[in-house]
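**Student:** For reference, the file work-v3.tsv (TSV, C-alpha atoms) is included below:
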```
chain	number	residue	atom	x	y	z
N	277	MET	CA	30.79	-10.08	-14.71
N	278	SER	CA	31.96	-13.59	-13.76
N	279	VAL	CA	29.55	-16.47	-13.25
N	280	ARG	CA	30.48	-16.59	-9.57
N	281	THR	CA	29.79	-12.89	-9.08
N	282	THR	CA	26.45	-13.22	-10.84
N	283	ARG	CA	25.53	-16.14	-8.58
N	284	GLU	CA	26.45	-14.15	-5.48
N	285	THR	CA	24.39	-11.20	-6.70
N	286	VAL	CA	21.34	-13.37	-7.32
N	287	ASP	CA	21.71	-15.08	-3.94
N	288	GLY	CA	21.74	-11.67	-2.28
N	289	LEU	CA	18.40	-10.80	-3.87
N	290	LEU	CA	16.57	-14.09	-3.27
N	291	PRO	CA	13.96	-14.30	-0.50
N	292	SER	CA	14.11	-17.04	2.12
N	293	PRO	CA	12.78	-20.39	0.77
N	294	GLU	CA	10.05	-20.27	3.42
N	295	PRO	CA	8.48	-17.17	5.02
N	296	VAL	CA	10.59	-15.83	7.88
N	297	ARG	CA	9.04	-16.76	11.21
N	298	PHE	CA	9.87	-16.18	14.88
N	299	VAL	CA	6.63	-17.38	16.49
N	300	ALA	CA	4.46	-20.38	15.55
N	301	GLU	CA	0.65	-20.28	15.41
N	302	ASP	CA	0.42	-21.59	18.98
N	303	GLY	CA	2.58	-18.74	20.32
N	304	THR	CA	5.77	-20.77	20.84
N	305	ALA	CA	9.13	-19.52	19.62
N	306	VAL	CA	10.84	-21.03	16.58
N	307	GLN	CA	14.34	-20.53	15.22
N	308	PRO	CA	14.36	-17.73	12.61
N	309	PRO	CA	16.80	-17.58	9.67
N	310	ALA	CA	20.22	-16.13	10.35
N	311	GLY	CA	20.56	-12.38	9.99
N	312	TYR	CA	17.27	-11.34	11.55
N	313	PRO	CA	17.64	-10.21	15.18
N	314	ALA	CA	14.61	-10.28	17.47
N	315	PRO	CA	13.08	-6.85	18.20
N	316	ASP	CA	13.50	-5.41	21.69
N	317	ASP	CA	11.00	-6.59	24.27
N	318	GLU	CA	9.73	-3.05	24.87
N	319	ARG	CA	8.91	-2.65	21.17
N	320	LEU	CA	7.00	-5.93	21.20
N	321	VAL	CA	4.91	-4.97	24.22
N	322	GLU	CA	4.16	-1.60	22.63
N	323	ALA	CA	3.24	-3.40	19.41
N	324	TYR	CA	0.81	-5.58	21.37
N	325	ARG	CA	-0.93	-2.55	22.87
N	326	ARG	CA	-1.27	-0.98	19.43
N	327	MET	CA	-2.60	-4.23	17.97
N	328	VAL	CA	-5.29	-4.45	20.65
N	329	LEU	CA	-6.27	-0.85	19.99
N	330	GLY	CA	-6.12	-1.35	16.23
N	331	ARG	CA	-8.34	-4.43	16.35
N	332	ARG	CA	-10.93	-2.56	18.42
N	333	PHE	CA	-10.77	0.47	16.13
N	334	ASP	CA	-11.32	-1.79	13.13
N	335	ARG	CA	-14.40	-3.37	14.77
N	336	GLN	CA	-15.76	0.07	15.64
N	337	ALA	CA	-15.27	1.38	12.12
N	338	THR	CA	-17.05	-1.68	10.73
N	339	ALA	CA	-19.97	-1.01	13.08
N	340	LEU	CA	-20.12	2.62	11.92
N	341	THR	CA	-20.88	1.47	8.38
N	342	LYS	CA	-23.95	-0.38	9.66
N	343	GLN	CA	-25.07	2.80	11.43
N	344	GLY	CA	-24.73	4.87	8.27
N	345	ARG	CA	-21.83	6.93	9.64
N	346	LEU	CA	-19.36	5.58	7.08
N	347	ALA	CA	-20.05	5.06	3.39
N	348	VAL	CA	-17.68	2.10	3.21
N	349	TYR	CA	-14.97	0.50	5.31
N	350	PRO	CA	-12.36	-2.07	4.19
N	351	SER	CA	-11.56	-4.10	7.31
N	352	SER	CA	-8.01	-5.21	8.05
N	353	ARG	CA	-8.93	-7.70	10.78
N	354	GLY	CA	-6.29	-10.41	10.67
N	355	GLN	CA	-3.68	-8.10	9.15
N	356	GLU	CA	-2.82	-6.15	12.31
N	357	ALA	CA	0.69	-7.59	12.56
N	358	CYS	CA	1.46	-6.08	9.15
N	359	GLN	CA	-0.22	-2.77	9.91
N	360	ILE	CA	1.47	-2.21	13.26
N	361	ALA	CA	4.90	-3.57	12.35
N	362	GLY	CA	4.98	-1.43	9.22
N	363	VAL	CA	4.52	1.73	11.27
N	364	LEU	CA	6.89	0.72	14.08
N	365	ALA	CA	9.67	0.06	11.58
N	366	LEU	CA	9.57	3.72	10.51
N	367	ARG	CA	10.95	6.85	12.10
N	368	GLU	CA	9.05	10.09	12.45
N	369	ASN	CA	10.83	11.59	9.42
N	370	ASP	CA	9.95	8.62	7.19
N	371	TRP	CA	7.00	8.56	4.81
N	372	LEU	CA	4.15	6.07	4.58
N	373	PHE	CA	2.15	5.53	1.38
N	374	PRO	CA	-0.95	3.51	2.40
N	375	THR	CA	-3.82	1.84	0.58
N	376	TYR	CA	-7.49	2.14	1.43
N	377	ARG	CA	-7.19	-0.90	3.77
N	378	ASP	CA	-4.52	0.60	6.03
N	379	SER	CA	-6.58	2.72	8.43
N	380	VAL	CA	-5.25	0.77	11.43
N	381	ALA	CA	-1.69	1.66	10.38
N	382	LEU	CA	-2.60	5.34	10.20
N	383	VAL	CA	-4.12	5.27	13.68
N	384	ALA	CA	-0.99	3.51	14.95
N	385	ARG	CA	1.06	6.27	13.32
N	386	GLY	CA	-0.76	8.71	15.61
N	387	LEU	CA	-3.23	10.30	13.19
N	388	ASP	CA	-6.62	11.46	14.48
N	389	PRO	CA	-9.03	8.53	13.86
N	390	VAL	CA	-11.82	10.83	12.69
N	391	GLU	CA	-9.46	12.39	10.16
N	392	VAL	CA	-8.42	8.90	9.05
N	393	LEU	CA	-12.07	8.00	8.41
N	394	THR	CA	-12.94	11.24	6.59
N	395	LEU	CA	-12.27	9.80	3.13
N	396	LEU	CA	-14.32	6.68	3.91
N	397	ARG	CA	-17.07	8.93	5.24
N	398	GLY	CA	-17.42	10.53	1.84
N	399	GLY	CA	-15.29	13.65	2.28
N	400	TRP	CA	-13.63	15.15	-0.80
N	401	HIS	CA	-10.16	15.20	0.79
N	402	CYS	CA	-8.15	12.64	2.74
N	403	GLY	CA	-8.93	14.21	6.12
N	404	TYR	CA	-5.39	14.85	7.34
N	405	ASP	CA	-2.37	16.90	6.29
N	406	PRO	CA	0.04	14.62	4.38
N	407	ALA	CA	2.95	17.07	4.69
N	408	ALA	CA	2.59	17.37	8.46
N	409	THR	CA	2.04	13.66	9.13
N	410	ARG	CA	4.30	12.31	6.37
N	411	VAL	CA	1.47	10.01	5.38
N	412	ALA	CA	0.22	10.15	1.80
N	413	PRO	CA	-3.55	10.01	1.18
N	414	GLN	CA	-5.00	6.51	1.39
N	415	CYS	CA	-4.99	5.23	-2.17
N	416	THR	CA	-8.00	3.48	-3.69
N	417	PRO	CA	-6.71	3.00	-7.27
N	418	LEU	CA	-4.49	-0.08	-7.18
N	419	ALA	CA	-0.71	0.47	-7.17
N	420	THR	CA	-0.71	4.12	-8.27
N	421	GLN	CA	0.77	5.12	-4.91
N	422	THR	CA	3.84	2.93	-5.52
N	423	ILE	CA	5.14	5.24	-8.24
N	424	HIS	CA	4.43	8.27	-6.07
N	425	ALA	CA	6.35	6.58	-3.24
N	426	VAL	CA	9.41	6.12	-5.45
N	427	GLY	CA	9.26	9.76	-6.48
N	428	MET	CA	9.15	10.84	-2.86
N	429	ALA	CA	12.02	8.52	-1.95
N	430	ASP	CA	14.16	9.90	-4.75
N	431	ALA	CA	13.31	13.45	-3.67
N	432	LEU	CA	14.40	12.71	-0.09
N	433	ARG	CA	17.68	11.27	-1.38
N	434	ARG	CA	18.33	14.26	-3.63
N	435	LYS	CA	17.67	16.65	-0.73
N	436	GLY	CA	20.20	14.83	1.42
N	437	GLU	CA	17.62	13.64	3.96
N	438	ASP	CA	17.93	10.21	5.55
N	439	GLY	CA	14.20	9.53	5.32
N	440	VAL	CA	12.84	6.25	3.99
N	441	VAL	CA	9.52	5.63	2.24
N	442	MET	CA	7.34	2.57	2.79
N	443	ALA	CA	4.62	1.78	0.27
N	444	PHE	CA	1.89	-0.59	1.39
N	445	ILE	CA	0.25	-2.65	-1.36
N	446	GLY	CA	-2.10	-5.62	-1.59
N	447	ASP	CA	-1.54	-8.78	-3.61
N	448	GLY	CA	-3.99	-7.57	-6.25
N	449	GLY	CA	-1.94	-4.43	-6.73
N	450	THR	CA	1.09	-6.49	-7.79
N	451	SER	CA	-0.83	-7.45	-10.94
N	452	GLU	CA	-0.98	-3.79	-12.03
N	453	GLY	CA	1.48	-2.25	-14.46
N	454	ASP	CA	2.14	0.68	-12.12
N	455	PHE	CA	3.61	-1.72	-9.55
N	456	HIS	CA	6.18	-3.09	-12.00
N	457	GLU	CA	7.08	0.36	-13.27
N	458	ALA	CA	7.62	1.48	-9.67
N	459	LEU	CA	9.93	-1.47	-8.90
N	460	ASN	CA	12.00	-0.80	-12.01
N	461	TYR	CA	12.12	2.94	-11.33
N	462	ALA	CA	13.15	2.38	-7.69
N	463	ALA	CA	15.89	-0.12	-8.50
N	464	VAL	CA	17.43	2.01	-11.24
N	465	LEU	CA	17.39	5.11	-9.02
N	466	HIS	CA	18.59	3.12	-5.99
N	467	ALA	CA	15.80	4.87	-4.11
N	468	PRO	CA	15.34	4.43	-0.34
N	469	VAL	CA	11.92	2.78	-0.54
N	470	VAL	CA	10.41	-0.43	0.84
N	471	PHE	CA	7.53	-2.06	-1.02
N	472	PHE	CA	5.47	-3.95	1.56
N	473	VAL	CA	3.02	-6.41	0.01
N	474	GLN	CA	0.26	-7.62	2.32
N	475	ASN	CA	-0.72	-10.80	0.54
N	476	ASN	CA	-4.13	-11.52	2.06
N	477	LYS	CA	-4.89	-14.14	-0.62
N	478	TYR	CA	-7.69	-12.33	-2.46
N	479	ALA	CA	-8.02	-9.30	-4.74
N	480	ILE	CA	-11.69	-8.76	-3.88
N	481	SER	CA	-12.92	-12.18	-5.05
N	482	VAL	CA	-9.94	-13.20	-7.22
N	483	PRO	CA	-7.69	-15.73	-5.45
N	484	LEU	CA	-3.91	-15.44	-5.65
N	485	ALA	CA	-3.61	-18.52	-7.89
N	486	LYS	CA	-5.49	-16.63	-10.62
N	487	GLN	CA	-3.24	-13.57	-10.27
N	488	SER	CA	0.28	-14.98	-10.35
N	489	ALA	CA	2.16	-18.21	-11.09
N	490	ALA	CA	5.27	-17.07	-9.19
N	491	PRO	CA	6.33	-19.30	-6.27
N	492	ALA	CA	5.80	-16.23	-4.08
N	493	LEU	CA	5.15	-12.57	-4.85
N	494	ALA	CA	8.50	-11.75	-3.23
N	495	TYR	CA	10.25	-13.26	-6.27
N	496	LYS	CA	8.91	-10.43	-8.42
N	497	GLY	CA	11.63	-8.16	-7.05
N	498	ILE	CA	14.52	-10.23	-8.39
N	499	GLY	CA	13.87	-9.40	-12.04
N	500	TYR	CA	14.37	-5.74	-11.22
N	501	GLY	CA	17.57	-6.28	-9.24
N	502	MET	CA	15.88	-5.66	-5.91
N	503	ARG	CA	16.51	-7.29	-2.54
N	504	SER	CA	13.45	-9.39	-1.68
N	505	GLU	CA	12.03	-11.29	1.29
N	506	GLN	CA	8.91	-13.13	2.39
N	507	VAL	CA	7.63	-13.28	5.96
N	508	ASP	CA	4.82	-14.83	7.97
N	509	GLY	CA	2.48	-11.84	8.03
N	510	ASN	CA	0.62	-13.06	11.12
N	511	ASP	CA	3.83	-13.17	13.18
N	512	LEU	CA	4.42	-9.61	14.35
N	513	VAL	CA	7.88	-10.43	15.72
N	514	ALA	CA	9.00	-11.65	12.31
N	515	VAL	CA	7.34	-8.83	10.34
N	516	LEU	CA	8.88	-6.18	12.59
N	517	SER	CA	12.33	-7.75	12.31
N	518	VAL	CA	12.21	-8.10	8.52
N	519	LEU	CA	10.78	-4.62	7.91
N	520	THR	CA	13.24	-2.98	10.30
N	521	SER	CA	16.05	-4.63	8.36
N	522	ALA	CA	14.62	-3.49	5.01
N	523	VAL	CA	14.14	0.09	6.23
N	524	GLU	CA	17.67	0.35	7.59
N	525	HIS	CA	19.02	-1.22	4.38
N	526	ALA	CA	17.35	1.60	2.46
N	527	ARG	CA	18.38	4.29	4.95
N	528	THR	CA	22.06	3.38	4.77
N	529	GLY	CA	22.20	3.49	0.98
N	530	GLY	CA	21.48	-0.16	0.23
N	531	GLY	CA	18.60	0.63	-2.09
N	532	PRO	CA	14.99	-0.57	-2.29
N	533	SER	CA	13.49	-3.82	-1.01
N	534	LEU	CA	10.37	-5.85	-1.70
N	535	VAL	CA	8.84	-7.62	1.31
N	536	GLU	CA	5.86	-9.95	0.97
N	537	ALA	CA	3.84	-10.77	4.09
N	538	HIS	CA	1.68	-13.91	3.96
N	539	THR	CA	-1.47	-12.97	5.86
N	540	TYR	CA	-5.25	-13.22	5.51
N	541	ARG	CA	-8.25	-10.92	5.27
N	542	MET	CA	-10.63	-12.31	7.92
N	543	ASP	CA	-13.60	-10.19	6.87
N	544	ALA	CA	-15.09	-9.43	3.48
N	545	HIS	CA	-13.37	-7.06	1.04
N	546	THR	CA	-15.59	-4.24	2.34
N	547	ASN	CA	-18.97	-4.05	4.05
N	548	ALA	CA	-20.50	-4.14	0.53
N	549	ASP	CA	-18.93	-7.52	-0.30
N	550	ASP	CA	-20.26	-11.04	0.36
N	551	ALA	CA	-17.14	-13.15	0.86
N	552	THR	CA	-19.14	-16.36	1.28
N	553	ARG	CA	-19.64	-16.38	-2.48
N	554	TYR	CA	-15.97	-17.11	-3.18
N	555	ARG	CA	-14.47	-18.71	-0.04
N	556	ASP	CA	-15.75	-21.26	2.46
N	557	SER	CA	-16.00	-21.01	6.24
N	558	GLY	CA	-13.42	-23.75	6.75
N	559	GLU	CA	-10.73	-21.62	5.11
N	560	VAL	CA	-11.54	-18.67	7.35
N	561	GLU	CA	-11.51	-20.88	10.46
N	562	ARG	CA	-8.06	-22.22	9.60
N	563	TRP	CA	-6.69	-18.70	9.36
N	564	GLU	CA	-8.47	-17.60	12.54
N	565	ALA	CA	-6.36	-20.23	14.31
N	566	ALA	CA	-3.33	-18.19	13.21
N	567	ASP	CA	-4.79	-14.89	14.55
N	568	PRO	CA	-1.82	-12.49	14.85
N	569	LEU	CA	-3.13	-10.81	18.01
N	570	ALA	CA	-3.75	-14.05	19.90
N	571	ARG	CA	-0.37	-15.37	18.75
N	572	LEU	CA	1.54	-12.35	20.04
N	573	GLU	CA	-0.41	-12.30	23.32
N	574	THR	CA	0.42	-15.96	23.95
N	575	TYR	CA	4.08	-15.43	23.04
N	576	LEU	CA	4.56	-12.40	25.29
N	577	SER	CA	2.65	-13.98	28.17
N	578	GLY	CA	4.76	-17.11	27.92
N	579	ARG	CA	7.93	-15.02	28.19
N	580	GLY	CA	6.62	-13.14	31.20
N	581	LEU	CA	6.35	-9.84	29.31
N	582	LEU	CA	2.55	-9.66	29.70
N	583	ASP	CA	0.31	-10.53	32.62
N	584	ALA	CA	-3.46	-10.55	33.09
N	585	GLU	CA	-3.49	-7.01	34.47
N	586	GLU	CA	-1.54	-5.61	31.49
N	587	ILE	CA	-3.80	-7.43	29.05
N	588	ALA	CA	-6.88	-6.01	30.78
N	589	SER	CA	-5.33	-2.54	30.74
N	590	ALA	CA	-4.67	-2.70	26.99
N	591	ARG	CA	-8.25	-3.82	26.33
N	592	LYS	CA	-9.67	-1.09	28.56
N	593	ALA	CA	-7.63	1.57	26.74
N	594	ALA	CA	-8.90	0.20	23.43
N	595	GLU	CA	-12.53	0.38	24.60
N	596	GLU	CA	-12.07	3.98	25.72
N	597	PHE	CA	-10.50	4.80	22.35
N	598	ALA	CA	-13.41	3.20	20.50
N	599	ALA	CA	-15.89	5.15	22.62
N	600	ARG	CA	-14.19	8.42	21.67
N	601	VAL	CA	-14.25	7.47	18.00
N	602	ARG	CA	-17.93	6.54	18.24
N	603	GLU	CA	-18.84	9.80	19.96
N	604	GLU	CA	-16.95	12.00	17.51
N	605	MET	CA	-18.22	10.12	14.45
N	606	ASN	CA	-21.81	10.45	15.66
N	607	ALA	CA	-21.55	14.22	15.37
N	608	ASP	CA	-22.89	15.37	12.02
N	609	PRO	CA	-20.17	17.08	9.95
N	610	GLU	CA	-20.74	20.59	8.71
N	611	ALA	CA	-20.81	20.22	4.94
N	612	ASP	CA	-20.88	23.06	2.42
N	613	PRO	CA	-22.64	21.73	-0.70
N	614	PHE	CA	-20.89	24.31	-2.87
N	615	GLU	CA	-17.57	22.57	-2.17
N	616	LEU	CA	-18.69	20.18	-4.91
N	617	PHE	CA	-17.56	22.79	-7.40
N	618	ASP	CA	-14.30	23.85	-5.72
N	619	HIS	CA	-10.93	22.54	-6.90
N	620	VAL	CA	-12.37	20.98	-10.08
N	621	PHE	CA	-10.71	23.47	-12.43
N	622	ALA	CA	-8.57	26.52	-11.73
N	623	GLU	CA	-11.14	28.51	-13.69
N	624	PRO	CA	-14.73	27.18	-13.45
N	625	THR	CA	-16.18	26.13	-16.78
N	626	PRO	CA	-19.55	27.45	-18.00
N	627	GLN	CA	-21.06	24.06	-17.18
N	628	LEU	CA	-19.80	24.23	-13.58
N	629	ARG	CA	-21.15	27.77	-13.16
N	630	GLU	CA	-24.52	26.62	-14.52
N	631	GLN	CA	-24.61	23.63	-12.16
N	632	ARG	CA	-23.63	25.77	-9.19
N	633	ALA	CA	-26.40	28.26	-9.98
N	634	LEU	CA	-28.90	25.42	-10.33
N	635	LEU	CA	-27.94	24.04	-6.91
N	636	ALA	CA	-28.20	27.50	-5.36
N	637	SER	CA	-31.72	27.96	-6.73
N	638	GLU	CA	-32.79	24.52	-5.48
N	639	LEU	CA	-31.43	25.22	-1.99
N	640	THR	CA	-33.19	28.59	-1.92
N	641	ALA	CA	-36.47	26.96	-2.96
N	642	THR	CA	-36.06	24.35	-0.20
N	643	GLU	CA	-35.52	27.04	2.41
N	644	ASP	CA	-38.61	28.93	1.26
```
Let me see the file written as structure tokens.

**Tutor:**
Amino acid sequence: MSVRTTRETVDGLLPSPEPVRFVAEDGTAVQPPAGYPAPDDERLVEAYRRMVLGRRFDRQATALTKQGRLAVYPSSRGQEACQIAGVLALRENDWLFPTYRDSVALVARGLDPVEVLTLLRGGWHCGYDPAATRVAPQCTPLATQTIHAVGMADALRRKGEDGVVMAFIGDGGTSEGDFHEALNYAAVLHAPVVFFVQNNKYAISVPLAKQSAAPALAYKGIGYGMRSEQVDGNDLVAVLSVLTSAVEHARTGGGPSLVEAHTYRMDAHTNADDATRYRDSGEVERWEAADPLARLETYLSGRGLLDAEEIASARKAAEEFAARVREEMNADPEADPFELFDHVFAEPTPQLREQRALLASELTATED
């Protein structure tokens, strides 16, 4: 390979020097890099409606933890542009491999919100049918879903389907070995998969500076021969444009991509975390000024694509959605305690049989 060809290859993999952006923090338009067309206006208005609903769903789910209806909930407030754009960039026949923080994306995908919250409620299964929804179970172990996503992408390619797989991952997950194995595996197989990193600046309490010395996480794709990009994760217009490009690149045989979105986790890691112990209020306030929902609302209103009535309508629909979620989550689930012993082994061990018998005797004694 000549030096010139090598240089051209590297240039084709490099991310933009600065995160791709269409809309500034104040909602005004800026000139994006060449090669990224603006999404259709209708898609942007639909994205706004889903962001309003997603934000309200997130607030409702957070409240449910305080009421004891959820065991835990990892909020994605501030990351809605990533969540919604990721889903809108996919077709119905594409697959999504989410993390535990991507409940808003699943709701935007059209999944039943109560089913989405089943895992976080303490259920033993993910709550929905992955095969029917083409959404893998929300993954709590960091980065393990990235390898599964590559396997699914390769399977779709081998079957002759034009489906694409998108794997969501947090910045902390990029420090895991599974993530690097997945990137290498995907690049070698030329698999139709997009790795979408939501860099919200903290892996629980560990800041990005203590995770990686790379100029941006997007550069991690280059070493594996993978097309890479970085984008302003609080600018939905930019995220949707970049992800749509990456998905179509994969769908048309171009291979995998790594996209890093620079965003921020407004709330604590989960309801069990105290974020004030590792970040100050001034940092949070600076990021609140870049709120993705307010930015998109200002942008669309300024272009005449949204008016006060449409904004009110979106908020009303979100309140009605939250009320339905609240009502359905307040109903006590019917739980069979003996399910604790199902699906552990194909053939129950003597210890499991003994434990099951012990539980049965305790329940009988309670009834008596």

**Student:** I want to know what sits within 10 Å of region 342-350 of chain N, based on only C-alpha atoms, with residues of the same chain fewer than 3 positions away left out; could you give that as a list of chain:residue names?

**Tutor:**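 Residues meeting the cut-off are N:Asp334, N:Ala337, N:Thr338, N:Ala339, N:Arg353, N:Tyr376, N:Arg377, N:Asp378, N:Ser379, N:Leu393, N:Thr394, N:Leu395, N:Leu396, N:Arg397, N:Gly398, N:Gly399, N:Arg541, N:Asp543, N:Ala544, N:His545, N:Thr546, N:Asn547, N:Ala548, N:Asp549, N:Arg602, N:Met605, N:Asn606, N:Ala607, N:Asp608.
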
**Student:** May I have the protein, DNA and RNA residues with any atom at most 9 Å from the point (20.6, -12.0, -7.4), counting only C-alpha atoms, written as a list in words?

**Tutor:** Thr282, Arg283, Glu284, Thr285, Val286, Asp287, Gly288, Leu289, Leu290, Ile498, Gly499, Gly501, Met502 and Arg503 of chain N

**Student:** If you measure from CA of Glu301 (chain N) to CA of Ala566 (chain N), what distance in Å do you get, rounded to one decimal?

**Tutor:** 5.0 Å

**Student:** Taking only C-alpha atoms into account, which of N:Val464, N:Leu329, N:Ile423, N:Cys358 comes nearest Gly386 (chain N)?

**Tutor:**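 That would be N:Leu329, the residue with the smallest distance to Gly386 (chain N).
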
**Student:** Tell me which protein, DNA and RNA residues are within 8 Å of region 510-513 of chain N, counting only C-alpha atoms, leaving out same-chain ones fewer than 2 positions away, and put them as a list in words.

**Tutor:**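 Once the nearby chain positions are removed, what remains is Arg297, Phe298, Val299, Ala300, Ala314, Pro315, Leu320, Gly354, Gln355, Glu356, Ala357, Cys358, Ala361, Asp508, Val515, Leu516, Ser517, His538, Thr539, Ala566, Asp567, Pro568, Arg571 and Leu572 of chain N.
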
**Student:** For the residues in the current selection, export C-alpha atoms as a compact mmCIF listing (two decimals), keeping the file's coordinate frame.

**Tutor:**
```txt
# COMPACT_ATOMS: atom_id res chain seq x y z
CA ARG N 297 9.04 -16.76 11.21
CA PHE N 298 9.87 -16.18 14.88
CA VAL N 299 6.63 -17.38 16.49
CA ALA N 300 4.46 -20.38 15.55
CA ALA N 314 14.61 -10.28 17.47
CA PRO N 315 13.08 -6.85 18.20
CA LEU N 320 7.00 -5.93 21.20
CA GLY N 354 -6.29 -10.41 10.67
CA GLN N 355 -3.68 -8.10 9.15
CA GLU N 356 -2.82 -6.15 12.31
CA ALA N 357 0.69 -7.59 12.56
CA CYS N 358 1.46 -6.08 9.15
CA ALA N 361 4.90 -3.57 12.35
CA ASP N 508 4.82 -14.83 7.97
CA VAL N 515 7.34 -8.83 10.34
CA LEU N 516 8.88 -6.18 12.59
CA SER N 517 12.33 -7.75 12.31
CA HIS N 538 1.68 -13.91 3.96
CA THR N 539 -1.47 -12.97 5.86
CA ALA N 566 -3.33 -18.19 13.21
CA ASP N 567 -4.79 -14.89 14.55
CA PRO N 568 -1.82 -12.49 14.85
CA ARG N 571 -0.37 -15.37 18.75
CA LEU N 572 1.54 -12.35 20.04
```
